[in-house]
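Content type PDB, C-alpha atoms and all ligand atoms, from the file upload-v4.pdb:
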ATOM      1  CA  MET A   1     119.813  19.638 159.034
ATOM      2  CA  GLY A   2     117.433  21.962 160.690
ATOM      3  CA  THR A   3     113.941  23.141 161.050
ATOM      4  CA  HIS A   4     112.045  25.769 162.908
ATOM      5  CA  PHE A   5     108.711  24.515 164.212
ATOM      6  CA  ARG A   6     107.030  25.712 161.017
ATOM      7  CA  PRO A   7     107.544  22.928 158.415
ATOM      8  CA  ALA A   8     107.031  19.797 160.502
ATOM      9  CA  VAL A   9     103.457  20.557 161.564
ATOM     10  CA  THR A  10     102.560  23.143 159.001
ATOM     11  CA  SER A  11      99.575  25.345 159.604
ATOM     12  CA  ASP A  12      98.573  25.057 155.932
ATOM     13  CA  VAL A  13      97.775  21.395 156.503
ATOM     14  CA  TYR A  14      96.578  21.308 160.106
ATOM     15  CA  GLY A  15      95.618  24.878 160.955
ATOM     16  CA  LYS A  16      91.908  24.598 160.163
ATOM     17  CA  THR A  17      91.267  21.051 161.310
ATOM     18  CA  HIS A  18      93.549  21.039 164.353
ATOM     19  CA  PRO A  19      93.984  24.515 165.797
ATOM     20  CA  GLU A  20      94.774  22.796 169.109
ATOM     21  CA  TYR A  21      98.201  21.853 167.666
ATOM     22  CA  TYR A  22      99.236  25.515 167.840
ATOM     23  CA  ALA A  23     100.014  27.992 170.563
ATOM     24  CA  TYR A  24      97.247  29.266 172.794
ATOM     25  CA  PHE A  25      97.570  32.849 173.973
ATOM     26  CA  ASN A  26      95.342  35.908 174.345
ATOM     27  CA  GLY A  27      92.295  33.670 174.606
ATOM     28  CA  SER A  28      92.635  31.617 171.419
ATOM     29  CA  ARG A  29      94.767  29.214 169.393
ATOM     30  CA  HIS A  30      97.067  30.765 166.824
ATOM     31  CA  PRO A  31      97.655  28.590 163.780
ATOM     32  CA  GLY A  32      99.584  30.589 161.215
ATOM     33  CA  LYS A  33     102.815  30.996 159.341
ATOM     34  CA  ALA A  34     105.013  31.657 162.352
ATOM     35  CA  SER A  35     102.937  29.858 164.954
ATOM     36  CA  GLN A  36     104.614  27.985 167.761
ATOM     37  CA  TRP A  37     103.397  24.514 168.584
ATOM     38  CA  CYS A  38     101.449  23.430 171.605
ATOM     39  CA  LEU A  39     104.301  21.395 173.021
ATOM     40  CA  THR A  40     102.210  19.288 175.374
ATOM     41  CA  ASN A  41      99.893  18.012 172.634
ATOM     42  CA  ASP A  42     100.671  14.309 172.141
ATOM     43  CA  GLU A  43      99.535  14.312 168.515
ATOM     44  CA  VAL A  44     102.001  17.119 167.747
ATOM     45  CA  PHE A  45     104.756  15.024 169.283
ATOM     46  CA  GLU A  46     103.823  12.018 167.167
ATOM     47  CA  LEU A  47     103.637  14.084 163.967
ATOM     48  CA  VAL A  48     107.033  15.635 164.675
ATOM     49  CA  SER A  49     108.531  12.224 165.481
ATOM     50  CA  ARG A  50     107.261  10.777 162.211
ATOM     51  CA  ARG A  51     108.596  13.732 160.266
ATOM     52  CA  ILE A  52     112.008  13.475 161.931
ATOM     53  CA  ASP A  53     112.135   9.740 161.351
ATOM     54  CA  SER A  54     111.470  10.281 157.631
ATOM     55  CA  ILE A  55     114.115  13.043 157.409
ATOM     56  CA  PHE A  56     116.779  10.847 158.992
ATOM     57  CA  LYS A  57     115.801   7.877 156.817
ATOM     58  CA  ALA A  58     116.101  10.064 153.713
ATOM     59  CA  ASN A  59     119.512  11.320 154.861
ATOM     60  CA  PRO A  60     121.581   8.339 155.975
ATOM     61  CA  GLY A  61     124.742   9.339 157.786
ATOM     62  CA  LYS A  62     123.193  12.532 159.175
ATOM     63  CA  ASN A  63     122.832  12.512 162.929
ATOM     64  CA  ILE A  64     121.789  15.941 164.141
ATOM     65  CA  ILE A  65     118.673  17.992 163.496
ATOM     66  CA  SER A  66     117.427  21.329 164.770
ATOM     67  CA  VAL A  67     113.938  21.498 166.216
ATOM     68  CA  SER A  68     113.492  25.079 167.319
ATOM     69  CA  GLN A  69     110.932  27.713 168.150
ATOM     70  CA  ASN A  70     109.903  29.999 165.325
ATOM     71  CA  ASP A  71     111.079  33.581 165.331
ATOM     72  CA  GLY A  72     108.820  35.834 167.336
ATOM     73  CA  ASN A  73     108.731  36.761 170.962
ATOM     74  CA  PHE A  74     105.992  35.801 173.429
ATOM     75  CA  THR A  75     104.074  33.685 170.943
ATOM     76  CA  ASN A  76     104.585  30.546 173.026
ATOM     77  CA  CYS A  77     101.710  28.345 174.074
ATOM     78  CA  THR A  78     100.097  29.255 177.381
ATOM     79  CA  CYS A  79      97.502  26.477 177.508
ATOM     80  CA  ASP A  80      97.095  24.977 180.987
ATOM     81  CA  GLN A  81      99.522  22.105 180.364
ATOM     82  CA  CYS A  82     102.280  24.163 178.702
ATOM     83  CA  LYS A  83     101.917  26.943 181.250
ATOM     84  CA  ALA A  84     102.125  24.496 184.156
ATOM     85  CA  ILE A  85     105.510  23.261 182.918
ATOM     86  CA  ASP A  86     106.870  26.729 182.219
ATOM     87  CA  ASP A  87     105.657  28.055 185.587
ATOM     88  CA  TYR A  88     107.294  25.155 187.410
ATOM     89  CA  GLU A  89     110.506  25.607 185.453
ATOM     90  CA  GLY A  90     110.497  29.384 185.920
ATOM     91  CA  ALA A  91     111.293  29.845 182.217
ATOM     92  CA  LEU A  92     109.541  29.509 178.866
ATOM     93  CA  SER A  93     112.292  27.125 177.788
ATOM     94  CA  GLY A  94     110.826  24.544 180.193
ATOM     95  CA  SER A  95     108.214  23.174 177.804
ATOM     96  CA  VAL A  96     110.711  23.280 174.916
ATOM     97  CA  VAL A  97     113.360  21.240 176.753
ATOM     98  CA  THR A  98     110.669  18.819 177.959
ATOM     99  CA  PHE A  99     109.577  18.306 174.344
ATOM    100  CA  LEU A 100     113.165  17.992 173.075
ATOM    101  CA  ASN A 101     114.031  15.463 175.803
ATOM    102  CA  LYS A 102     111.094  13.322 174.665
ATOM    103  CA  LEU A 103     112.411  13.397 171.107
ATOM    104  CA  ALA A 104     115.943  12.680 172.311
ATOM    105  CA  ALA A 105     114.698   9.671 174.281
ATOM    106  CA  ARG A 106     112.797   8.332 171.270
ATOM    107  CA  PHE A 107     115.829   8.711 168.987
ATOM    108  CA  PRO A 108     118.745   7.995 171.359
ATOM    109  CA  ASP A 109     121.301   7.586 168.567
ATOM    110  CA  LYS A 110     120.456  11.024 167.116
ATOM    111  CA  GLU A 111     121.120  14.534 168.372
ATOM    112  CA  PHE A 112     118.586  17.350 168.632
ATOM    113  CA  SER A 113     119.584  20.989 168.624
ATOM    114  CA  THR A 114     117.206  23.696 169.780
ATOM    115  CA  LEU A 115     117.551  27.462 169.722
ATOM    116  CA  ALA A 116     117.637  29.265 173.048
ATOM    117  CA  TYR A 117     116.870  32.847 172.226
ATOM    118  CA  LEU A 118     114.179  35.490 172.576
ATOM    119  CA  TYR A 119     111.636  33.967 174.969
ATOM    120  CA  THR A 120     113.587  30.716 175.378
ATOM    121  CA  MET A 121     116.961  32.289 176.212
ATOM    122  CA  GLN A 122     116.728  31.651 179.953
ATOM    123  CA  PRO A 123     117.309  28.066 181.143
ATOM    124  CA  PRO A 124     114.774  25.952 183.041
ATOM    125  CA  LYS A 125     115.192  25.519 186.810
ATOM    126  CA  HIS A 126     114.629  21.781 187.156
ATOM    127  CA  ILE A 127     114.752  19.753 183.963
ATOM    128  CA  LYS A 128     118.162  19.115 182.384
ATOM    129  CA  PRO A 129     118.589  18.645 178.644
ATOM    130  CA  LEU A 130     119.529  15.046 177.842
ATOM    131  CA  PRO A 131     123.120  14.642 176.588
ATOM    132  CA  ASN A 132     121.852  14.347 172.997
ATOM    133  CA  VAL A 133     119.984  17.655 173.247
ATOM    134  CA  ASN A 134     122.120  20.531 172.036
ATOM    135  CA  ILE A 135     121.350  24.062 173.202
ATOM    136  CA  MET A 136     121.980  26.656 170.499
ATOM    137  CA  LEU A 137     122.215  29.843 172.496
ATOM    138  CA  CYS A 138     121.992  33.129 170.588
ATOM    139  CA  ASP A 139     123.188  36.537 171.746
ATOM    140  CA  ILE A 140     121.378  38.467 169.021
ATOM    141  CA  ASP A 141     120.039  41.307 171.146
ATOM    142  CA  CYS A 142     123.267  42.181 172.940
ATOM    143  CA  ASN A 143     125.139  45.428 172.522
ATOM    144  CA  ARG A 144     128.411  45.061 170.648
ATOM    145  CA  GLU A 145     130.543  48.041 171.578
ATOM    146  CA  VAL A 146     132.057  46.221 174.540
ATOM    147  CA  SER A 147     132.392  42.568 175.443
ATOM    148  CA  LEU A 148     129.428  40.669 176.838
ATOM    149  CA  THR A 149     130.445  41.046 180.455
ATOM    150  CA  GLU A 150     130.733  44.824 180.124
ATOM    151  CA  ASN A 151     127.181  45.856 179.241
ATOM    152  CA  ALA A 152     123.749  45.165 180.719
ATOM    153  CA  SER A 153     122.307  43.278 177.728
ATOM    154  CA  GLY A 154     125.457  41.173 177.547
ATOM    155  CA  ARG A 155     125.365  40.395 181.252
ATOM    156  CA  GLU A 156     121.783  39.162 180.919
ATOM    157  CA  PHE A 157     122.968  36.835 178.171
ATOM    158  CA  VAL A 158     125.943  35.716 180.271
ATOM    159  CA  ARG A 159     123.600  34.866 183.149
ATOM    160  CA  ALA A 160     121.555  32.734 180.767
ATOM    161  CA  MET A 161     124.698  31.090 179.391
ATOM    162  CA  GLU A 162     125.968  30.282 182.894
ATOM    163  CA  GLY A 163     122.574  28.789 183.715
ATOM    164  CA  TRP A 164     122.643  26.578 180.635
ATOM    165  CA  SER A 165     126.263  25.588 181.184
ATOM    166  CA  ALA A 166     125.339  24.446 184.717
ATOM    167  CA  ILE A 167     122.921  21.872 183.258
ATOM    168  CA  SER A 168     124.505  21.028 179.890
ATOM    169  CA  ASP A 169     127.900  20.326 178.363
ATOM    170  CA  ASN A 170     126.403  20.492 174.899
ATOM    171  CA  ILE A 171     126.155  24.174 174.007
ATOM    172  CA  PHE A 172     126.359  25.742 170.580
ATOM    173  CA  ILE A 173     126.837  29.513 170.563
ATOM    174  CA  TRP A 174     125.310  31.577 167.759
ATOM    175  CA  ASP A 175     127.206  34.849 167.832
ATOM    176  CA  TYR A 176     126.934  37.780 165.452
ATOM    177  CA  GLY A 177     129.400  39.990 163.617
ATOM    178  CA  ILE A 178     126.825  41.592 161.399
ATOM    179  CA  ASN A 179     124.434  44.530 161.193
ATOM    180  CA  PHE A 180     121.265  43.175 159.587
ATOM    181  CA  ASP A 181     119.904  46.658 158.954
ATOM    182  CA  ASN A 182     122.973  47.825 157.065
ATOM    183  CA  TYR A 183     125.556  45.273 155.994
ATOM    184  CA  VAL A 184     128.094  47.868 154.907
ATOM    185  CA  SER A 185     127.980  50.051 157.996
ATOM    186  CA  PRO A 186     130.960  49.730 160.359
ATOM    187  CA  PHE A 187     130.727  46.854 162.795
ATOM    188  CA  PRO A 188     133.667  47.562 165.055
ATOM    189  CA  ASN A 189     133.782  44.404 167.152
ATOM    190  CA  PHE A 190     137.367  43.259 166.569
ATOM    191  CA  HIS A 191     138.488  44.108 170.083
ATOM    192  CA  ILE A 192     135.682  42.126 171.797
ATOM    193  CA  LEU A 193     136.027  38.855 169.869
ATOM    194  CA  GLN A 194     138.656  37.345 172.137
ATOM    195  CA  ASP A 195     136.891  38.135 175.421
ATOM    196  CA  ASN A 196     133.649  36.713 174.124
ATOM    197  CA  ILE A 197     135.131  33.551 172.663
ATOM    198  CA  ARG A 198     137.014  32.898 175.926
ATOM    199  CA  LEU A 199     133.720  33.288 177.740
ATOM    200  CA  PHE A 200     131.961  30.854 175.410
ATOM    201  CA  ARG A 201     134.683  28.262 175.936
ATOM    202  CA  LYS A 202     134.499  28.676 179.717
ATOM    203  CA  ASN A 203     130.768  27.966 179.541
ATOM    204  CA  HIS A 204     130.937  24.595 177.763
ATOM    205  CA  ALA A 205     130.454  25.833 174.225
ATOM    206  CA  THR A 206     131.693  23.049 172.006
ATOM    207  CA  MET A 207     130.410  24.604 168.790
ATOM    208  CA  HIS A 208     130.319  28.195 167.615
ATOM    209  CA  PHE A 209     128.553  29.753 164.665
ATOM    210  CA  SER A 210     129.641  33.335 164.065
ATOM    211  CA  GLN A 211     127.246  34.991 161.638
ATOM    212  CA  ILE A 212     129.238  37.455 159.577
ATOM    213  CA  SER A 213     128.156  39.153 156.366
ATOM    214  CA  SER A 214     129.544  37.021 153.585
ATOM    215  CA  SER A 215     128.177  39.242 150.817
ATOM    216  CA  ARG A 216     130.605  41.433 148.985
ATOM    217  CA  GLY A 217     130.824  44.795 150.662
ATOM    218  CA  GLY A 218     130.302  43.728 154.259
ATOM    219  CA  ASP A 219     132.403  45.724 156.676
ATOM    220  CA  PHE A 220     135.764  43.924 156.840
ATOM    221  CA  ALA A 221     133.939  40.598 156.644
ATOM    222  CA  GLU A 222     137.080  38.738 155.530
ATOM    223  CA  LEU A 223     139.151  40.108 158.403
ATOM    224  CA  ARG A 224     136.394  39.376 160.896
ATOM    225  CA  SER A 225     136.032  35.805 159.603
ATOM    226  CA  TYR A 226     139.790  35.305 159.829
ATOM    227  CA  LEU A 227     140.006  36.523 163.418
ATOM    228  CA  VAL A 228     137.022  34.484 164.580
ATOM    229  CA  ASN A 229     138.325  31.344 162.914
ATOM    230  CA  LYS A 230     141.782  31.713 164.454
ATOM    231  CA  LEU A 231     140.338  32.430 167.891
ATOM    232  CA  MET A 232     137.998  29.457 167.689
ATOM    233  CA  TRP A 233     141.030  27.202 167.344
ATOM    234  CA  ASN A 234     142.937  29.007 170.062
ATOM    235  CA  PRO A 235     141.257  31.779 172.083
ATOM    236  CA  GLU A 236     144.626  32.781 173.586
ATOM    237  CA  LEU A 237     146.266  33.968 170.369
ATOM    238  CA  ASN A 238     147.511  37.550 170.174
ATOM    239  CA  VAL A 239     144.802  39.518 168.374
ATOM    240  CA  ASP A 240     147.091  42.398 167.389
ATOM    241  CA  SER A 241     149.462  39.956 165.699
ATOM    242  CA  LEU A 242     146.586  38.277 163.877
ATOM    243  CA  LEU A 243     145.282  41.650 162.739
ATOM    244  CA  HIS A 244     148.708  42.720 161.555
ATOM    245  CA  HIS A 245     149.290  39.438 159.734
ATOM    246  CA  PHE A 246     145.943  39.522 157.930
ATOM    247  CA  LEU A 247     146.006  43.181 156.912
ATOM    248  CA  ASN A 248     149.512  42.980 155.479
ATOM    249  CA  GLY A 249     148.859  39.666 153.771
ATOM    250  CA  TYR A 250     145.458  40.562 152.360
ATOM    251  CA  TYR A 251     145.877  44.232 151.479
ATOM    252  CA  GLY A 252     149.611  44.246 150.808
ATOM    253  CA  PRO A 253     151.085  47.765 150.897
ATOM    254  CA  ALA A 254     147.667  49.208 151.872
ATOM    255  CA  GLY A 255     147.574  47.101 155.046
ATOM    256  CA  PHE A 256     149.297  49.702 157.199
ATOM    257  CA  SER A 257     146.870  52.451 156.139
ATOM    258  CA  ILE A 258     143.888  50.264 156.835
ATOM    259  CA  ARG A 259     145.291  49.493 160.252
ATOM    260  CA  ILE A 260     145.490  53.225 160.960
ATOM    261  CA  HIS A 261     141.920  53.638 159.689
ATOM    262  CA  GLN A 262     140.782  50.865 161.997
ATOM    263  CA  SER A 263     142.256  52.529 165.028
ATOM    264  CA  ASP A 264     141.734  56.254 164.577
ATOM    265  CA  GLY A 265     138.708  58.469 165.137
ATOM    266  CA  ARG A 266     137.456  58.611 161.541
ATOM    267  CA  CYS A 267     136.101  55.115 161.813
ATOM    268  CA  PRO A 268     134.402  54.201 165.102
ATOM    269  CA  ALA A 269     136.517  51.108 165.444
ATOM    270  CA  GLY A 270     139.013  49.604 167.840
ATOM    271  CA  GLN A 271     138.828  51.001 171.329
ATOM    272  CA  ARG A 272     138.143  54.505 170.098
ATOM    273  CA  HIS A 273     134.382  54.161 169.794
ATOM    274  CA  LYS A 274     134.227  53.562 173.527
ATOM    275  CA  ALA A 275     135.245  57.169 173.965
ATOM    276  CA  LEU A 276     132.627  58.175 171.397
ATOM    277  CA  ASP A 277     130.048  56.484 173.617
ATOM    278  CA  LEU A 278     128.509  54.546 170.758
ATOM    279  CA  ARG A 279     126.048  51.732 171.337
ATOM    280  CA  PHE A 280     125.276  49.320 168.593
ATOM    281  CA  THR A 281     123.621  45.964 168.038
ATOM    282  CA  CYS A 282     122.910  43.710 165.060
ATOM    283  CA  PHE A 283     119.975  45.947 164.176
ATOM    284  CA  THR A 284     121.255  49.439 164.820
ATOM    285  CA  GLN A 285     122.052  52.068 162.234
ATOM    286  CA  ILE A 286     125.355  53.608 163.256
ATOM    287  CA  ARG A 287     123.933  57.081 162.802
ATOM    288  CA  ASP A 288     121.264  56.196 165.393
ATOM    289  CA  ALA A 289     123.669  54.410 167.625
ATOM    290  CA  LYS A 290     124.402  57.047 170.207
ATOM    291  CA  ALA A 291     122.764  56.045 173.467
TER     292      ALA A 291
HETATM  293 ZN    ZN B 301     100.072  24.132 174.921
END

How does this structure look as structure tokens?
Amino acid sequence: MGTHFRPAVTSDVYGKTHPEYYAYFNGSRHPGKASQWCLTNDEVFELVSRRIDSIFKANPGKNIISVSQNDGNFTNCTCDQCKAIDDYEGALSGSVVTFLNKLAARFPDKEFSTLAYLYTMQPPKHIKPLPNVNIMLCDIDCNREVSLTENASGREFVRAMEGWSAISDNIFIWDYGINFDNYVSPFPNFHILQDNIRLFRKNHATMHFSQISSSRGGDFAELRSYLVNKLMWNPELNVDSLLHHFLNGYYGPAGFSIRIHQSDGRCPAGQRHKALDLRFTCFTQIRDAKA
């Protein structure tokens, strides 16, 4: 079960009467569709607690829920109380983890997952997430042509991941094998999957969501799903063997040709695109990808 901040304290209901429930920045409160909450407002905490209690009661047997920032960068609350926490913690995740720990303490037999991405990607300096707070760390903005340790955006993510793994054993990685701007464009990440999944394991990731285009027509979505699934079970498997096995089994006699296509210069895949000096992310058109 999951929720961004939006539905639990919806602006449609409280925006006019209680603007103080929503993020303060640029001199005013910002109730609205994608507004973040003011995380130090006690009434917000009570409303969220009641909502969570009712969700769990309506879903017996369910034990984990996501309570996460809305999409949108730098829309966090900067009121005096929220800012004091975030300044002390040296990260905008400070007020989020403080809020999540309060929820986790109120519902000790439940687990709370929260996204760490965009402005909350970096970990706090002092507070530690309680054991029943799960950190769902997303590497959405990283370049994909090389593994995470081999490019600047990836290294920034790795620093954040190492910081979180130093204070939590409960990390859920949200990784991407998808181009949101063009699902059918090549997404040549097969050769970086193993390095990245090894890295996630090393940094206490116990869960991994790999977002891959499941629509028909996504670039080798079935192959990508197969490789990721196999490597999740065992990150030390031989990727070439897995590739070979899947292509021959799935495409039959065409498997060999597809393998050639995957590794030659006509398709910027395999290692070859390194030489082409391509850069690409989840939001990059391949034709615009050259750095
Ligand atoms: Zn605030």

Exercise. For the file shown, what are the residues hit by the PyMOL selection byres (((chain A and resi 125) around 10) and not hetatm), laid out as an MDAnalysis selection string?
Worked result: chainID A and resid 86:91 93:94 122:124 126:128 163:164 167

Spell out the residues picked by the PyMOL selection byres (((not hetatm)) within 6 of (chain B and resi 301)) here, as an mmCIF file with C-alpha atoms, in the frame of the given file.
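Saved file part_16.cif follows:
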data_model
loop_
_atom_site.group_PDB
_atom_site.id
_atom_site.type_symbol
_atom_site.label_atom_id
_atom_site.label_comp_id
_atom_site.auth_asym_id
_atom_site.auth_seq_id
_atom_site.Cartn_x
_atom_site.Cartn_y
_atom_site.Cartn_z
ATOM 1 C CA ALA A 23 100.014 27.992 170.563
ATOM 2 C CA CYS A 38 101.449 23.430 171.605
ATOM 3 C CA LEU A 39 104.301 21.395 173.021
ATOM 4 C CA THR A 40 102.210 19.288 175.374
ATOM 5 C CA CYS A 77 101.710 28.345 174.074
ATOM 6 C CA THR A 78 100.097 29.255 177.381
ATOM 7 C CA CYS A 79 97.502 26.477 177.508
ATOM 8 C CA GLN A 81 99.522 22.105 180.364
ATOM 9 C CA CYS A 82 102.280 24.163 178.702
#

For this session: Could you tell me which residues the PyMOL selection byres (((chain A and resi 184-189) around 6) and not hetatm) returns for this structure, as a list in words?
Result: Asn182, Tyr183, Phe190, His191, Ile192, Gly217, Gly218, Asp219 and Ala269 of chain A

Go ahead and write the selection's residues with C-alpha atoms as a PDB file, keeping the file's coordinate frame.
ATOM      1  CA  ASN A 182     122.973  47.825 157.065  1.00  0.00           C
ATOM      2  CA  TYR A 183     125.556  45.273 155.994  1.00  0.00           C
ATOM      3  CA  PHE A 190     137.367  43.259 166.569  1.00  0.00           C
ATOM      4  CA  HIS A 191     138.488  44.108 170.083  1.00  0.00           C
ATOM      5  CA  ILE A 192     135.682  42.126 171.797  1.00  0.00           C
ATOM      6  CA  GLY A 217     130.824  44.795 150.662  1.00  0.00           C
ATOM      7  CA  GLY A 218     130.302  43.728 154.259  1.00  0.00           C
ATOM      8  CA  ASP A 219     132.403  45.724 156.676  1.00  0.00           C
ATOM      9  CA  ALA A 269     136.517  51.108 165.444  1.00  0.00           C
TER      10      ALA A 269
END

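Minimum distance to Glu162 of chain A across A:Pro131, A:Met121, A:Val44, A:Ser147 (counting all atoms listed in the file) occurs at A:Met121.
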
Exercise. With only C-alpha atoms as the atoms that count, which of A:Trp174, A:Asn234, A:Thr17, A:Ala160 lies nearest to His208 of chain A?
Worked result: A:Trp174

For this session: Find the residues near Phe200 of chain A: any atom within 10 Å, counting all atoms listed in the file, skip ones fewer than 2 places away on the same chain, and give them as JSON, numbers by chain.
Result: {"A": [158, 161, 162, 165, 171, 172, 173, 175, 194, 195, 196, 197, 198, 202, 203, 204, 205, 206, 207, 208, 232, 235]}

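Across A:Lys102, A:Lys110, A:Lys16, A:Lys83, the tightest approach to Pro60 of chain A is made by A:Lys110 when counting only C-alpha atoms.
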
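Here the residues that fall within 8 Å of (115.9, 24.1, 169.2), using all atoms listed in the file, are given as A:His4, A:Ser66, A:Val67, A:Ser68, A:Gln69, A:Val96, A:Leu100, A:Phe112, A:Ser113, A:Thr114, A:Leu115, A:Ala116, A:Asn134, A:Ile135, A:Met136.
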
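Take atom CA of Ala8 of chain A and atom CA of Thr120 of chain A: the distance between them is 19.6 Å.
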
Missing atoms in segment 234-259 of chain A should be modelled up to N, CA and C atoms and reported as an mmCIF file, keeping the file's coordinate frame.
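Done, and the output landed in selection12.cif:
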data_model
loop_
_atom_site.group_PDB
_atom_site.id
_atom_site.type_symbol
_atom_site.label_atom_id
_atom_site.label_comp_id
_atom_site.auth_asym_id
_atom_site.auth_seq_id
_atom_site.Cartn_x
_atom_site.Cartn_y
_atom_site.Cartn_z
ATOM 1 N N ASN A 234 142.134 28.693 168.875
ATOM 2 C CA ASN A 234 142.937 29.007 170.062
ATOM 3 C C ASN A 234 142.576 30.405 170.571
ATOM 4 N N PRO A 235 141.715 30.474 171.590
ATOM 5 C CA PRO A 235 141.257 31.779 172.083
ATOM 6 C C PRO A 235 142.365 32.618 172.721
ATOM 7 N N GLU A 236 143.556 32.035 172.920
ATOM 8 C CA GLU A 236 144.626 32.781 173.586
ATOM 9 C C GLU A 236 145.608 33.429 172.609
ATOM 10 N N LEU A 237 145.350 33.341 171.326
ATOM 11 C CA LEU A 237 146.266 33.968 170.369
ATOM 12 C C LEU A 237 146.306 35.481 170.546
ATOM 13 N N ASN A 238 147.369 36.099 170.070
ATOM 14 C CA ASN A 238 147.511 37.550 170.174
ATOM 15 C C ASN A 238 146.738 38.228 169.033
ATOM 16 N N VAL A 239 145.696 38.954 169.395
ATOM 17 C CA VAL A 239 144.802 39.518 168.374
ATOM 18 C C VAL A 239 145.510 40.580 167.530
ATOM 19 N N ASP A 240 146.353 41.375 168.155
ATOM 20 C CA ASP A 240 147.091 42.398 167.389
ATOM 21 C C ASP A 240 147.959 41.751 166.310
ATOM 22 N N SER A 241 148.615 40.644 166.685
ATOM 23 C CA SER A 241 149.462 39.956 165.699
ATOM 24 C C SER A 241 148.619 39.390 164.561
ATOM 25 N N LEU A 242 147.474 38.834 164.911
ATOM 26 C CA LEU A 242 146.586 38.277 163.877
ATOM 27 C C LEU A 242 146.119 39.372 162.928
ATOM 28 N N LEU A 243 145.755 40.503 163.525
ATOM 29 C CA LEU A 243 145.282 41.650 162.739
ATOM 30 C C LEU A 243 146.370 42.117 161.777
ATOM 31 N N HIS A 244 147.556 42.281 162.319
ATOM 32 C CA HIS A 244 148.708 42.720 161.555
ATOM 33 C C HIS A 244 148.984 41.745 160.400
ATOM 34 N N HIS A 245 148.994 40.476 160.720
ATOM 35 C CA HIS A 245 149.290 39.438 159.734
ATOM 36 C C HIS A 245 148.265 39.472 158.598
ATOM 37 N N PHE A 246 146.983 39.547 158.956
ATOM 38 C CA PHE A 246 145.943 39.522 157.930
ATOM 39 C C PHE A 246 145.993 40.768 157.058
ATOM 40 N N LEU A 247 146.073 41.938 157.694
ATOM 41 C CA LEU A 247 146.006 43.181 156.912
ATOM 42 C C LEU A 247 147.174 43.282 155.932
ATOM 43 N N ASN A 248 148.361 42.917 156.384
ATOM 44 C CA ASN A 248 149.512 42.980 155.479
ATOM 45 C C ASN A 248 149.419 41.918 154.378
ATOM 46 N N GLY A 249 148.943 40.738 154.753
ATOM 47 C CA GLY A 249 148.859 39.666 153.771
ATOM 48 C C GLY A 249 147.744 39.885 152.764
ATOM 49 N N TYR A 250 146.638 40.437 153.224
ATOM 50 C CA TYR A 250 145.458 40.562 152.360
ATOM 51 C C TYR A 250 145.487 41.837 151.542
ATOM 52 N N TYR A 251 145.904 42.933 152.166
ATOM 53 C CA TYR A 251 145.877 44.232 151.479
ATOM 54 C C TYR A 251 147.245 44.656 150.973
ATOM 55 N N GLY A 252 148.278 43.898 151.287
ATOM 56 C CA GLY A 252 149.611 44.246 150.808
ATOM 57 C C GLY A 252 150.040 45.609 151.335
ATOM 58 N N PRO A 253 150.566 46.462 150.442
ATOM 59 C CA PRO A 253 151.085 47.765 150.897
ATOM 60 C C PRO A 253 150.018 48.632 151.555
ATOM 61 N N ALA A 254 148.729 48.385 151.271
ATOM 62 C CA ALA A 254 147.667 49.208 151.872
ATOM 63 C C ALA A 254 147.355 48.786 153.306
ATOM 64 N N GLY A 255 147.915 47.645 153.729
ATOM 65 C CA GLY A 255 147.574 47.101 155.046
ATOM 66 C C GLY A 255 147.819 48.079 156.177
ATOM 67 N N PHE A 256 148.960 48.779 156.114
ATOM 68 C CA PHE A 256 149.297 49.702 157.199
ATOM 69 C C PHE A 256 148.260 50.824 157.296
ATOM 70 N N SER A 257 147.849 51.360 156.141
ATOM 71 C CA SER A 257 146.870 52.451 156.139
ATOM 72 C C SER A 257 145.526 51.989 156.690
ATOM 73 N N ILE A 258 145.174 50.781 156.340
ATOM 74 C CA ILE A 258 143.888 50.264 156.835
ATOM 75 C C ILE A 258 143.950 50.066 158.341
ATOM 76 N N ARG A 259 145.113 49.655 158.811
ATOM 77 C CA ARG A 259 145.291 49.493 160.252
ATOM 78 C C ARG A 259 145.101 50.835 160.963
#
